[in-house]
$ cat entry.txt   # compact mmCIF, C-alpha atoms
# COMPACT_ATOMS: atom_id res chain seq x y z
CA MET U 60 42.86 37.28 12.74
CA ALA U 61 40.33 38.45 10.16
CA ASP U 62 36.67 38.57 11.09
CA PHE U 63 34.96 35.65 9.37
CA GLY U 64 32.20 37.92 8.07
CA GLU U 65 34.87 39.93 6.31
CA ILE U 66 36.29 36.72 4.83
CA LEU U 67 32.87 35.69 3.54
CA ARG U 68 32.32 39.05 1.90
CA SER U 69 35.63 38.75 0.08
CA ILE U 70 35.06 35.18 -1.20
CA GLY U 71 31.31 35.66 -1.83
CA ASP U 72 28.79 35.19 0.95
CA PHE U 73 26.13 33.58 -1.25
CA GLY U 74 27.86 32.44 -4.40
CA LEU U 75 27.79 29.19 -6.32
CA PHE U 76 29.57 27.30 -3.53
CA GLN U 77 27.04 28.36 -0.89
CA LYS U 78 24.12 27.47 -3.15
CA LEU U 79 25.54 24.01 -3.84
CA ILE U 80 26.29 23.26 -0.20
CA LEU U 81 22.87 24.57 0.81
CA LEU U 82 21.19 22.28 -1.70
CA GLY U 83 23.28 19.32 -0.56
CA LEU U 84 22.44 19.88 3.10
CA CYS U 85 18.75 20.69 2.51
CA PHE U 86 18.00 17.62 0.39
CA PRO U 87 18.22 15.17 3.34
CA ASN U 88 15.46 17.14 5.05
CA LEU U 89 13.26 15.96 2.20
CA VAL U 90 13.77 12.39 3.44
CA LEU U 91 13.75 12.90 7.22
CA PRO U 92 9.91 13.02 7.49
CA PHE U 93 9.76 9.54 5.92
CA HIS U 94 10.93 8.08 9.23
CA LEU U 95 7.54 8.93 10.71
CA ALA U 96 5.80 6.63 8.20
CA SER U 97 5.70 3.49 10.35
CA LEU U 98 4.45 5.54 13.33
CA ILE U 99 1.74 7.55 11.55
CA PHE U 100 0.23 5.22 8.93
CA ILE U 101 -0.81 2.42 11.26
CA GLN U 102 -4.63 2.19 11.40
CA SER U 103 -4.34 1.68 15.16
CA ASP U 104 -7.63 -0.23 15.64
CA PRO U 105 -8.19 -2.37 12.52
CA GLU U 106 -11.10 -4.77 12.12
CA ARG U 107 -9.99 -8.18 13.31
CA HIS U 108 -10.80 -11.39 15.09
CA CYS U 109 -8.71 -14.04 16.79
CA ASN U 110 -7.00 -16.64 14.65
CA THR U 111 -8.99 -19.79 15.43
CA ASP U 112 -7.58 -22.22 12.90
CA TRP U 113 -7.29 -24.76 15.69
CA ILE U 114 -10.85 -25.88 14.95
CA LEU U 115 -9.89 -26.88 11.40
CA ARG U 116 -8.19 -29.95 12.89
CA ALA U 117 -11.63 -31.10 13.98
CA GLY U 118 -13.47 -30.00 10.84
CA SER U 119 -11.34 -29.07 7.85
CA ASN U 120 -14.34 -28.25 5.62
CA LEU U 121 -15.77 -25.44 7.79
CA SER U 122 -16.66 -22.21 6.02
CA SER U 123 -15.19 -19.00 7.36
CA GLU U 124 -18.56 -17.87 8.68
CA GLU U 125 -19.21 -21.14 10.51
CA GLN U 126 -15.67 -21.15 11.93
CA LEU U 127 -16.24 -17.70 13.42
CA ASN U 128 -19.65 -18.63 14.83
CA LEU U 129 -18.19 -21.66 16.60
CA THR U 130 -14.95 -20.14 17.92
CA VAL U 131 -15.44 -16.40 18.50
CA PRO U 132 -17.95 -14.91 20.97
CA ARG U 133 -20.15 -12.02 19.98
CA GLN U 134 -20.26 -8.61 21.68
CA GLU U 135 -23.39 -6.87 22.91
CA ASP U 136 -23.88 -5.15 19.54
CA GLY U 137 -23.84 -8.52 17.76
CA THR U 138 -20.38 -8.18 16.18
CA PHE U 139 -17.61 -10.68 16.74
CA SER U 140 -15.22 -9.93 19.59
CA ARG U 141 -11.91 -8.41 18.53
CA CYS U 142 -9.92 -9.59 21.52
CA LEU U 143 -11.52 -12.81 22.79
CA MET U 144 -12.02 -16.35 21.49
CA PHE U 145 -13.52 -19.54 22.87
CA THR U 146 -10.96 -21.72 24.64
CA PRO U 147 -9.72 -24.45 22.24
CA VAL U 148 -10.92 -27.98 23.03
CA ASP U 149 -10.02 -31.42 21.74
CA TRP U 150 -13.56 -32.40 20.76
CA ASP U 151 -15.18 -33.81 17.68
CA ILE U 152 -16.70 -31.17 15.39
CA ASP U 153 -20.21 -32.61 15.79
CA ILE U 154 -20.01 -32.26 19.59
CA ILE U 155 -18.84 -28.65 19.23
CA ARG U 156 -21.76 -27.91 16.90
CA GLU U 157 -24.26 -29.56 19.22
CA HIS U 158 -23.15 -28.16 22.57
CA GLY U 159 -21.15 -25.10 21.57
CA LEU U 160 -18.33 -23.49 23.56
CA ASN U 161 -18.74 -21.17 26.52
CA GLN U 162 -15.37 -20.53 28.14
CA THR U 163 -13.46 -17.59 26.62
CA THR U 164 -9.81 -16.59 26.61
CA ASP U 165 -7.53 -14.01 25.05
CA CYS U 166 -6.35 -14.60 21.50
CA GLN U 167 -3.67 -17.28 21.59
CA ASN U 168 -2.46 -17.54 18.00
CA GLY U 169 -2.59 -13.97 16.77
CA TRP U 170 -5.28 -12.22 14.77
CA VAL U 171 -6.84 -12.21 11.34
CA TYR U 172 -7.22 -8.64 10.04
CA ASN U 173 -10.03 -7.49 7.75
CA ASN U 174 -10.76 -4.35 5.70
CA ILE U 175 -7.40 -2.77 6.45
CA VAL U 176 -6.17 0.28 4.57
CA TYR U 177 -2.58 -0.99 4.38
CA GLU U 178 -1.00 -4.25 3.34
CA ALA U 179 1.16 -4.32 6.46
CA THR U 180 1.80 -2.00 9.42
CA ILE U 181 3.65 -2.36 12.70
CA VAL U 182 0.23 -2.95 14.27
CA THR U 183 -0.59 -5.94 12.08
CA ASP U 184 2.95 -7.34 11.89
CA PHE U 185 3.59 -7.18 15.63
CA ASP U 186 -0.07 -7.60 16.74
CA LEU U 187 -0.16 -4.31 18.65
CA VAL U 188 -3.86 -4.57 19.45
CA CYS U 189 -6.06 -5.28 22.47
CA GLY U 190 -3.72 -5.52 25.49
CA LYS U 191 -0.80 -4.19 23.46
CA ALA U 192 -2.63 -1.28 21.81
CA ASN U 193 -0.88 1.34 23.96
CA VAL U 194 2.53 0.09 22.86
CA VAL U 195 2.22 2.16 19.66
CA GLY U 196 2.50 5.27 21.82
CA LEU U 197 5.61 3.77 23.40
CA ALA U 198 7.19 3.40 19.94
CA GLN U 199 6.53 7.08 19.25
CA THR U 200 8.05 8.02 22.61
CA VAL U 201 11.17 5.92 21.97
CA PHE U 202 11.69 7.58 18.58
CA MET U 203 11.32 11.07 20.05
CA ALA U 204 13.67 10.14 22.91
CA GLY U 205 16.22 9.18 20.27
CA ILE U 206 15.86 12.61 18.61
CA LEU U 207 16.37 14.29 21.99
CA LEU U 208 19.46 12.24 22.79
CA GLY U 209 20.88 12.76 19.30
CA SER U 210 20.51 16.51 19.65
CA LEU U 211 22.23 16.46 23.03
CA LEU U 212 25.05 14.19 21.86
CA PHE U 213 25.87 15.65 18.46
CA GLY U 214 25.64 19.28 19.56
CA PRO U 215 28.78 19.12 21.76
CA PHE U 216 30.25 16.60 19.31
CA ALA U 217 30.14 19.21 16.56
CA GLU U 218 31.99 21.70 18.75
CA SER U 219 34.77 19.22 19.49
CA PHE U 220 35.13 17.29 16.23
CA GLY U 221 33.65 19.62 13.64
CA ARG U 222 30.36 20.16 11.82
CA GLN U 223 31.44 17.90 8.96
CA ARG U 224 31.76 14.79 11.13
CA ALA U 225 28.57 15.72 12.98
CA THR U 226 26.62 15.45 9.71
CA GLN U 227 28.47 12.48 8.21
CA ILE U 228 28.21 10.07 11.13
CA PRO U 229 24.44 10.54 11.71
CA MET U 230 23.73 9.84 8.03
CA VAL U 231 25.66 6.57 8.15
CA ILE U 232 23.86 5.55 11.35
CA MET U 233 20.55 6.52 9.78
CA LEU U 234 21.18 4.41 6.68
CA ILE U 235 22.16 1.31 8.67
CA PHE U 236 19.26 1.39 11.07
CA THR U 237 16.65 2.42 8.51
CA VAL U 238 17.36 -0.91 6.81
CA THR U 239 17.54 -2.71 10.18
CA THR U 240 14.11 -1.31 11.09
CA GLY U 241 12.61 -2.79 7.92
CA LEU U 242 14.14 -6.19 8.74
CA SER U 243 13.04 -6.22 12.39
CA PRO U 244 11.57 -9.63 13.27
CA ASN U 245 9.98 -8.38 16.49
CA PHE U 246 8.79 -5.19 18.11
CA TYR U 247 11.74 -4.93 20.51
CA LEU U 248 14.32 -4.83 17.72
CA TYR U 249 12.06 -2.40 15.87
CA MET U 250 12.06 0.00 18.83
CA ALA U 251 15.83 -0.30 19.29
CA SER U 252 16.40 0.46 15.60
CA GLN U 253 13.98 3.39 15.65
CA PHE U 254 15.72 4.77 18.73
CA LEU U 255 19.05 4.79 16.89
CA VAL U 256 17.40 6.31 13.81
CA GLY U 257 16.03 9.01 16.11
CA ILE U 258 19.54 9.72 17.44
CA ALA U 259 20.81 10.14 13.88
CA PHE U 260 17.73 12.23 12.99
CA GLY U 261 18.32 14.65 15.86
CA GLY U 262 22.06 14.89 15.27
CA PHE U 263 21.82 15.59 11.56
CA ARG U 264 18.85 17.96 11.73
CA ILE U 265 20.71 20.36 14.03
CA ASN U 266 24.17 20.24 12.50
CA CYS U 267 23.16 20.44 8.85
CA ILE U 268 21.67 23.88 9.58
CA VAL U 269 24.76 24.92 11.55
CA LEU U 270 27.12 23.86 8.76
CA ALA U 271 25.02 25.62 6.11
CA THR U 272 24.61 28.89 8.02
CA GLU U 273 28.32 29.13 8.85
CA TRP U 274 29.15 29.28 5.14
CA VAL U 275 26.47 31.85 4.31
CA GLY U 276 26.77 35.59 4.89
CA VAL U 277 24.56 37.45 7.36
CA THR U 278 22.33 38.95 4.66
CA LYS U 279 21.31 35.50 3.35
CA ARG U 280 21.58 33.42 6.50
CA SER U 281 17.81 33.09 6.86
CA TYR U 282 17.79 31.19 3.57
CA ALA U 283 19.99 28.49 5.06
CA SER U 284 17.81 27.94 8.12
CA CYS U 285 14.38 28.29 6.50
CA LEU U 286 14.96 26.45 3.22
CA SER U 287 15.98 23.30 5.08
CA GLN U 288 12.63 23.37 6.86
CA THR U 289 10.85 24.07 3.58
CA PHE U 290 12.35 20.87 2.17
CA SER U 291 10.96 19.10 5.23
CA GLY U 292 7.46 20.35 4.37
CA VAL U 293 7.84 19.07 0.81
CA GLY U 294 8.97 15.77 2.30
CA GLN U 295 5.72 15.59 4.30
CA CYS U 296 3.77 15.87 1.04
CA ILE U 297 5.90 13.23 -0.67
CA LEU U 298 5.42 10.96 2.36
CA ALA U 299 1.65 10.97 1.83
CA GLY U 300 2.08 9.99 -1.82
CA MET U 301 4.68 7.33 -1.04
CA ILE U 302 2.50 5.53 1.51
CA PHE U 303 -0.54 5.88 -0.75
CA PHE U 304 1.23 3.73 -3.35
CA ILE U 305 3.42 1.65 -1.03
CA ARG U 306 1.17 0.37 1.74
CA ASP U 307 3.68 -2.02 3.26
CA TRP U 308 5.73 -0.34 6.00
CA ARG U 309 8.72 -2.67 5.51
CA LEU U 310 8.90 -1.94 1.79
CA ALA U 311 8.58 1.77 2.58
CA GLN U 312 11.63 1.48 4.87
CA PHE U 313 13.72 0.03 2.04
CA VAL U 314 12.48 2.67 -0.42
CA MET U 315 13.44 5.52 1.93
CA ALA U 316 16.85 3.90 2.44
CA VAL U 317 17.72 4.58 -1.23
CA PRO U 318 17.87 8.42 -1.03
CA ILE U 319 19.50 8.13 2.40
CA ALA U 320 22.22 5.99 0.82
CA VAL U 321 22.75 8.68 -1.83
CA VAL U 322 23.12 11.33 0.89
CA ALA U 323 25.42 9.07 2.92
CA VAL U 324 27.76 8.98 -0.09
CA TYR U 325 27.87 12.63 -1.16
CA ILE U 326 27.85 14.01 2.40
CA TRP U 327 31.55 13.06 2.63
CA PHE U 328 32.34 15.57 -0.11
CA ILE U 329 30.78 18.53 1.72
CA PRO U 330 33.66 20.48 3.30
CA GLU U 331 34.16 21.44 6.91
CA SER U 332 33.13 24.84 8.21
CA ALA U 333 36.03 27.27 7.77
CA ARG U 334 34.69 29.25 10.71
CA TRP U 335 35.07 26.19 12.96
CA LEU U 336 38.57 25.51 11.60
CA LEU U 337 39.65 29.05 12.40
CA ASP U 338 38.14 28.84 15.89
CA GLN U 339 40.16 25.66 16.45
CA GLY U 340 43.37 27.34 15.32
CA LYS U 341 43.64 25.24 12.13
CA THR U 342 44.52 28.25 10.02
CA GLU U 343 46.38 26.48 7.20
CA GLU U 344 43.54 24.07 6.58
CA ALA U 345 41.04 26.92 6.73
CA LYS U 346 43.13 29.03 4.36
CA LYS U 347 43.24 26.27 1.70
CA LEU U 348 39.48 25.79 2.01
CA ILE U 349 38.77 29.53 1.74
CA LEU U 350 40.90 29.79 -1.41
CA ARG U 351 39.04 26.84 -2.93
CA VAL U 352 35.66 28.43 -2.16
CA ALA U 353 36.82 31.73 -3.65
CA ALA U 354 37.81 29.90 -6.84
CA ILE U 355 34.39 28.24 -7.09
CA ASN U 356 32.70 31.61 -6.57
CA LYS U 357 35.13 33.19 -9.08
CA ARG U 358 36.37 35.68 -6.52
CA THR U 359 39.87 36.80 -5.58
CA VAL U 360 40.93 36.90 -1.95
CA PRO U 361 42.88 40.09 -1.10
CA ASP U 362 46.39 39.59 0.27
CA THR U 363 45.47 41.51 3.41
CA ILE U 364 42.76 38.93 4.17
CA LEU U 365 45.21 36.06 3.61
CA GLU U 366 47.68 37.67 5.98
CA LYS U 367 45.04 38.06 8.65
CA ILE U 368 43.94 34.42 8.19
CA ALA U 369 47.53 33.28 8.75
CA GLU U 370 47.57 34.87 12.20
CA LYS U 371 46.99 32.45 15.04
CA LYS U 372 43.93 32.97 17.15
CA VAL U 373 43.71 32.16 20.83
CA VAL U 374 40.52 30.16 21.29
CA GLN U 375 38.70 30.10 24.58
CA LYS U 376 37.60 26.53 25.18
CA GLY U 377 35.26 25.21 27.78
CA GLY U 378 32.31 23.84 25.86
CA ILE U 379 29.06 23.89 27.73
CA LEU U 380 30.74 25.40 30.82
CA ILE U 381 30.97 28.75 29.02
CA LEU U 382 27.24 28.56 28.35
CA ILE U 383 26.49 27.83 32.00
CA ARG U 384 28.81 30.47 33.44
CA SER U 385 27.65 33.32 31.23
CA PRO U 386 24.37 34.80 32.59
CA VAL U 387 23.47 36.27 29.19
CA LEU U 388 24.08 33.03 27.29
CA ARG U 389 22.38 31.01 30.02
CA LYS U 390 19.24 33.14 29.84
CA TYR U 391 19.24 32.97 26.03
CA PHE U 392 19.73 29.19 26.07
CA LEU U 393 16.90 28.57 28.54
CA THR U 394 14.52 30.80 26.57
CA ILE U 395 15.23 29.09 23.26
CA THR U 396 15.06 25.62 24.84
CA LEU U 397 11.66 26.34 26.34
CA ALA U 398 10.43 27.72 23.02
CA TRP U 399 11.61 24.66 21.12
CA PHE U 400 10.03 22.36 23.70
CA SER U 401 6.66 24.07 23.30
CA LEU U 402 6.82 24.10 19.50
CA ASN U 403 7.85 20.47 19.18
CA LEU U 404 5.23 19.37 21.70
CA SER U 405 2.39 20.96 19.73
CA TYR U 406 3.81 20.01 16.32
CA TYR U 407 4.44 16.33 16.97
CA CYS U 408 1.21 15.87 18.94
CA LEU U 409 -0.59 16.91 15.76
CA SER U 410 1.71 14.95 13.44
CA PHE U 411 1.34 11.65 15.28
CA ASN U 412 -2.45 11.99 15.35
CA VAL U 413 -3.24 12.72 11.71
CA GLY U 414 -5.02 9.37 11.54
CA ASN U 415 -7.44 10.39 14.29
CA PHE U 416 -8.90 13.45 12.57
CA GLY U 417 -11.63 11.46 10.84
CA LEU U 418 -10.65 12.43 7.30
CA ASP U 419 -8.69 10.53 4.68
CA ILE U 420 -5.27 10.13 6.26
CA PHE U 421 -3.38 10.62 2.98
CA LEU U 422 -5.19 13.87 2.26
CA THR U 423 -4.65 15.06 5.83
CA GLN U 424 -0.93 14.30 5.67
CA LEU U 425 -0.69 16.12 2.34
CA MET U 426 -2.40 19.17 3.87
CA PHE U 427 0.05 19.13 6.76
CA GLY U 428 2.95 19.37 4.36
CA LEU U 429 1.32 21.99 2.16
CA THR U 430 0.60 24.27 5.12
CA GLU U 431 4.25 24.15 6.20
CA ILE U 432 5.78 25.21 2.87
CA PRO U 433 4.39 28.78 2.64
CA GLY U 434 5.00 29.25 6.37
CA HIS U 435 8.72 28.50 6.06
CA ILE U 436 9.08 30.61 2.92
CA LEU U 437 7.34 33.50 4.66
CA CYS U 438 9.77 33.15 7.57
CA ILE U 439 12.66 34.07 5.26
CA PHE U 440 11.19 37.53 4.66
CA ILE U 441 9.91 37.98 8.22
CA LEU U 442 13.39 37.30 9.59
CA GLU U 443 14.95 39.74 7.13
CA TYR U 444 12.53 42.62 7.79
CA LEU U 445 11.53 42.14 11.44
CA GLY U 446 14.58 40.46 12.89
CA ARG U 447 14.98 37.30 14.96
CA LYS U 448 13.60 38.56 18.26
CA ILE U 449 10.32 39.99 17.01
CA SER U 450 9.79 37.01 14.69
CA LEU U 451 10.27 34.54 17.53
CA MET U 452 8.01 36.42 19.93
CA SER U 453 5.20 36.93 17.41
CA THR U 454 5.14 33.34 16.18
CA LEU U 455 5.21 31.90 19.71
CA LEU U 456 2.37 34.18 20.81
CA THR U 457 0.34 33.26 17.72
CA GLY U 458 0.95 29.55 18.23
CA GLY U 459 0.09 29.72 21.93
CA PHE U 460 -3.10 31.68 21.29
CA THR U 461 -4.12 29.16 18.63
CA CYS U 462 -3.59 26.28 21.04
CA PHE U 463 -6.04 27.95 23.43
CA LEU U 464 -8.52 28.36 20.57
CA ILE U 465 -8.39 24.61 19.94
CA LEU U 466 -9.95 24.08 23.38
CA ALA U 467 -13.01 26.01 22.19
CA VAL U 468 -13.49 23.84 19.10
CA PRO U 469 -16.27 21.23 19.63
CA GLN U 470 -15.36 17.62 19.03
CA GLY U 471 -16.27 16.41 15.58
CA LYS U 472 -15.33 19.71 13.86
CA VAL U 473 -12.41 18.06 12.10
CA PRO U 474 -11.83 20.56 9.29
CA THR U 475 -11.45 23.38 11.81
CA GLY U 476 -8.82 21.38 13.69
CA ILE U 477 -6.84 21.01 10.49
CA ASP U 478 -7.08 24.71 9.70
CA LEU U 479 -5.68 25.51 13.11
CA HIS U 480 -2.61 23.49 12.26
CA CYS U 481 -1.76 26.07 9.62
CA PHE U 482 -1.38 28.70 12.34
CA VAL U 483 0.52 26.44 14.76
CA ILE U 484 3.11 25.77 12.06
$ encode --input "entry.txt" --output "structure tokens"
Amino acid sequence: MADFGEILRSIGDFGLFQKLILLGLCFPNLVLPFHLASLIFIQSDPERHCNTDWILRAGSNLSSEEQLNLTVPRQEDGTFSRCLMFTPVDWDIDIIREHGLNQTTDCQNGWVYNNIVYEATIVTDFDLVCGKANVVGLAQTVFMAGILLGSLLFGPFAESFGRQRATQIPMVIMLIFTVTTGLSPNFYLYMASQFLVGIAFGGFRINCIVLATEWVGVTKRSYASCLSQTFSGVGQCILAGMIFFIRDWRLAQFVMAVPIAVVAVYIWFIPESARWLLDQGKTEEAKKLILRVAAINKRTVPDTILEKIAEKKVVQKGGILILIRSPVLRKYFLTITLAWFSLNLSYYCLSFNVGNFGLDIFLTQLMFGLTEIPGHILCIFILEYLGRKISLMSTLLTGGFTCFLILAVPQGKVPTGIDLHCFVI
């Protein structure tokens, strides 16, 4: 059996075919950040007061100011309470004006929101305020749990059923539940839909890189891994512009479903990994695919390579058991897992809190995306010249040191906090 690196060199390890497949697999990463829209652009504590339209049955000609004075208590600073109202009574309006109301209760009929940045958010649509304010954090946790589960599910799935299916199925799931999220009538269905979107997110994000890198030669493999992340940074910038013009989270869901639908169609035309086919002993299928790639790259496959491809290869199977039994692989796996855990913890803690930095949230989100792009492009050259090990160690040390520096930054120094994000990325 021919070494797959030798096969790639003969058919072109970074020809037209590889560039097309890389573009096709990187483009979805432009859209993936959009799924954070409903979790980031929320204005978590909007100005509001209880809906007290009950009093209009007693006096339909009340002005808004008088209605608030009669039905909503004031706080110590003189502003109207955001979470309390006077208990509704079945009295005549003149009696209410003369004696007033004293007994308070929680808001019973929802809220009226004022001076909000957005037309609609999950906070205003599902009334995630006052006693339910912490539920927004639960929604973020559910989405991230979906990404974790998707990564764990579709990783072994790709080994058993191929990289092609492991990218196709997540995109279909993502399309269905992106639309379902926008149609959610209540918060529980919203969380369930976001959880399934997270599963698809995690499954596709891992396997699109695997499929791309397995078609690219060693000398250009860093392009496949880093360019996909660069597209993600561009997507962060586009996300800021999209929400700036579309300030309704449901409409934003339907808008992001359009490019996902495009990807869900063309993803079925992206071929399987020939490396995986050969590892599975599917030599005839792999041979046809290799010849097709060579034709696209305008290369000729030597007969000696074709003869080696035709030889059957004995594949050692065992899935994750091989990883557990091998001390070298086990150590490598644990190290990389810990590194990814640390990176994702710091990255998403910053991403989910862009609205709490005190600056314009659209500008802050744009800066987040802009700081990622040069970082990912720089990684291409760092990987090529320094290698994987030194690159990983240096970036982790830099990120960890920067996290310690954040502790020394006084509260209120918002611009400095944003600058530190550049280094964490």
$ residues_around --input "entry.txt" --residues "stretch 277-280 of chain U" --least-positions-apart "6" --cutoff "8 Å" --atoms "only C-alpha atoms" --output "MDAnalysis selection string"
chainID U and resid 64 72:73 443
$ residues_around --input "entry.txt" --residues "U:Phe263" --least-positions-apart "4" --cutoff "12 Å" --atoms "only C-alpha atoms" --output "PDB file with C-alpha atoms, in the coordinates of the input"
ATOM      1  CA  LEU U  84      22.440  19.880   3.100  1.00  0.00           C
ATOM      2  CA  CYS U  85      18.750  20.690   2.510  1.00  0.00           C
ATOM      3  CA  PHE U  86      18.000  17.620   0.390  1.00  0.00           C
ATOM      4  CA  PRO U  87      18.220  15.170   3.340  1.00  0.00           C
ATOM      5  CA  ASN U  88      15.460  17.140   5.050  1.00  0.00           C
ATOM      6  CA  VAL U  90      13.770  12.390   3.440  1.00  0.00           C
ATOM      7  CA  LEU U  91      13.750  12.900   7.220  1.00  0.00           C
ATOM      8  CA  ILE U 206      15.860  12.610  18.610  1.00  0.00           C
ATOM      9  CA  LEU U 207      16.370  14.290  21.990  1.00  0.00           C
ATOM     10  CA  LEU U 208      19.460  12.240  22.790  1.00  0.00           C
ATOM     11  CA  GLY U 209      20.880  12.760  19.300  1.00  0.00           C
ATOM     12  CA  SER U 210      20.510  16.510  19.650  1.00  0.00           C
ATOM     13  CA  LEU U 211      22.230  16.460  23.030  1.00  0.00           C
ATOM     14  CA  LEU U 212      25.050  14.190  21.860  1.00  0.00           C
ATOM     15  CA  PHE U 213      25.870  15.650  18.460  1.00  0.00           C
ATOM     16  CA  GLY U 214      25.640  19.280  19.560  1.00  0.00           C
ATOM     17  CA  PHE U 216      30.250  16.600  19.310  1.00  0.00           C
ATOM     18  CA  ALA U 217      30.140  19.210  16.560  1.00  0.00           C
ATOM     19  CA  ARG U 222      30.360  20.160  11.820  1.00  0.00           C
ATOM     20  CA  GLN U 223      31.440  17.900   8.960  1.00  0.00           C
ATOM     21  CA  ARG U 224      31.760  14.790  11.130  1.00  0.00           C
ATOM     22  CA  ALA U 225      28.570  15.720  12.980  1.00  0.00           C
ATOM     23  CA  THR U 226      26.620  15.450   9.710  1.00  0.00           C
ATOM     24  CA  GLN U 227      28.470  12.480   8.210  1.00  0.00           C
ATOM     25  CA  ILE U 228      28.210  10.070  11.130  1.00  0.00           C
ATOM     26  CA  PRO U 229      24.440  10.540  11.710  1.00  0.00           C
ATOM     27  CA  MET U 230      23.730   9.840   8.030  1.00  0.00           C
ATOM     28  CA  VAL U 231      25.660   6.570   8.150  1.00  0.00           C
ATOM     29  CA  ILE U 232      23.860   5.550  11.350  1.00  0.00           C
ATOM     30  CA  MET U 233      20.550   6.520   9.780  1.00  0.00           C
ATOM     31  CA  VAL U 256      17.400   6.310  13.810  1.00  0.00           C
ATOM     32  CA  GLY U 257      16.030   9.010  16.110  1.00  0.00           C
ATOM     33  CA  ILE U 258      19.540   9.720  17.440  1.00  0.00           C
ATOM     34  CA  ALA U 259      20.810  10.140  13.880  1.00  0.00           C
ATOM     35  CA  CYS U 267      23.160  20.440   8.850  1.00  0.00           C
ATOM     36  CA  ILE U 268      21.670  23.880   9.580  1.00  0.00           C
ATOM     37  CA  VAL U 269      24.760  24.920  11.550  1.00  0.00           C
ATOM     38  CA  LEU U 270      27.120  23.860   8.760  1.00  0.00           C
ATOM     39  CA  ALA U 271      25.020  25.620   6.110  1.00  0.00           C
ATOM     40  CA  SER U 287      15.980  23.300   5.080  1.00  0.00           C
ATOM     41  CA  VAL U 322      23.120  11.330   0.890  1.00  0.00           C
ATOM     42  CA  ALA U 323      25.420   9.070   2.920  1.00  0.00           C
ATOM     43  CA  ILE U 326      27.850  14.010   2.400  1.00  0.00           C
TER      44      ILE U 326
END
$ residues_around --input "entry.txt" --residues "U:Ser140" --least-positions-apart "2" --cutoff "10 Å" --atoms "only C-alpha atoms" --output "list in words"
Glu106, Arg107, His108, Cys109, Leu127, Val131, Pro132, Arg133, Gln134, Glu135, Asp136, Gly137, Thr138, Cys142, Leu143 and Met144 of chain U
$ write_last_selection --input "entry.txt" --atoms "C-alpha atoms" --output "PDB file, in the frame of the given file"
ATOM      1  CA  GLU U 106     -11.100  -4.770  12.120  1.00  0.00           C
ATOM      2  CA  ARG U 107      -9.990  -8.180  13.310  1.00  0.00           C
ATOM      3  CA  HIS U 108     -10.800 -11.390  15.090  1.00  0.00           C
ATOM      4  CA  CYS U 109      -8.710 -14.040  16.790  1.00  0.00           C
ATOM      5  CA  LEU U 127     -16.240 -17.700  13.420  1.00  0.00           C
ATOM      6  CA  VAL U 131     -15.440 -16.400  18.500  1.00  0.00           C
ATOM      7  CA  PRO U 132     -17.950 -14.910  20.970  1.00  0.00           C
ATOM      8  CA  ARG U 133     -20.150 -12.020  19.980  1.00  0.00           C
ATOM      9  CA  GLN U 134     -20.260  -8.610  21.680  1.00  0.00           C
ATOM     10  CA  GLU U 135     -23.390  -6.870  22.910  1.00  0.00           C
ATOM     11  CA  ASP U 136     -23.880  -5.150  19.540  1.00  0.00           C
ATOM     12  CA  GLY U 137     -23.840  -8.520  17.760  1.00  0.00           C
ATOM     13  CA  THR U 138     -20.380  -8.180  16.180  1.00  0.00           C
ATOM     14  CA  CYS U 142      -9.920  -9.590  21.520  1.00  0.00           C
ATOM     15  CA  LEU U 143     -11.520 -12.810  22.790  1.00  0.00           C
ATOM     16  CA  MET U 144     -12.020 -16.350  21.490  1.00  0.00           C
TER      17      MET U 144
END
$ atom_distance --input "entry.txt" --atom1 "atom CA of U:Asp165" --atom2 "atom CA of U:Trp308"
26.9 Å
$ atom_distance --input "entry.txt" --atom1 "atom CA of U:Arg306" --atom2 "atom CA of U:Gln199"
19.5 Å
$ atom_distance --input "entry.txt" --atom1 "atom CA of U:Trp170" --atom2 "atom CA of U:Leu298"
28.4 Å
$ closest_residue --input "entry.txt" --among "U:Gln295, U:Asn266, U:Ser284, U:Ser122" --to "U:Glu331" --atoms "all atoms listed in the file"
U:Asn266
$ residues_around --input "entry.txt" --residues "U:Val352" --least-positions-apart "4" --cutoff "9 Å" --atoms "all atoms listed in the file" --output "count of residues only"
10
$ residues_around --input "entry.txt" --residues "stretch 359-369 of chain U" --least-positions-apart "4" --cutoff "9 Å" --atoms "only C-alpha atoms" --output "list of chain:residue names"
U:Met60, U:Ala61, U:Asp62, U:Glu65, U:Ile66, U:Ser69, U:Ile70, U:Leu337, U:Thr342, U:Glu343, U:Ala345, U:Lys346, U:Ile349, U:Leu350, U:Ala353, U:Ala354
$ closest_residue --input "entry.txt" --among "U:Ile181, U:Cys296, U:Leu442, U:Leu402" --to "U:Leu429" --atoms "all atoms listed in the file"
U:Cys296
$ residues_near_point --input "entry.txt" --point "(13.2, 23.7, 3.4)" --cutoff "8 Å" --atoms "only C-alpha atoms" --output "MDAnalysis selection string"
chainID U and resid 85 88:89 284:293 432 435
$ closest_residue --input "entry.txt" --among "U:Tyr172, U:Phe328, U:Tyr282, U:Phe202" --to "U:Tyr407" --atoms "only C-alpha atoms"
U:Phe202
$ closest_residue --input "entry.txt" --among "U:Arg116, U:His94, U:Arg309, U:Lys78" --to "U:Met203" --atoms "all atoms listed in the file"
U:His94
$ closest_residue --input "entry.txt" --among "U:Gly241, U:Gly118, U:Gly458, U:Pro330" --to "U:Leu81" --atoms "all atoms listed in the file"
U:Pro330
$ closest_residue --input "entry.txt" --among "U:Gly221, U:Asp307, U:Ala283, U:Tyr391" --to "U:Leu82" --atoms "all atoms listed in the file"
U:Ala283
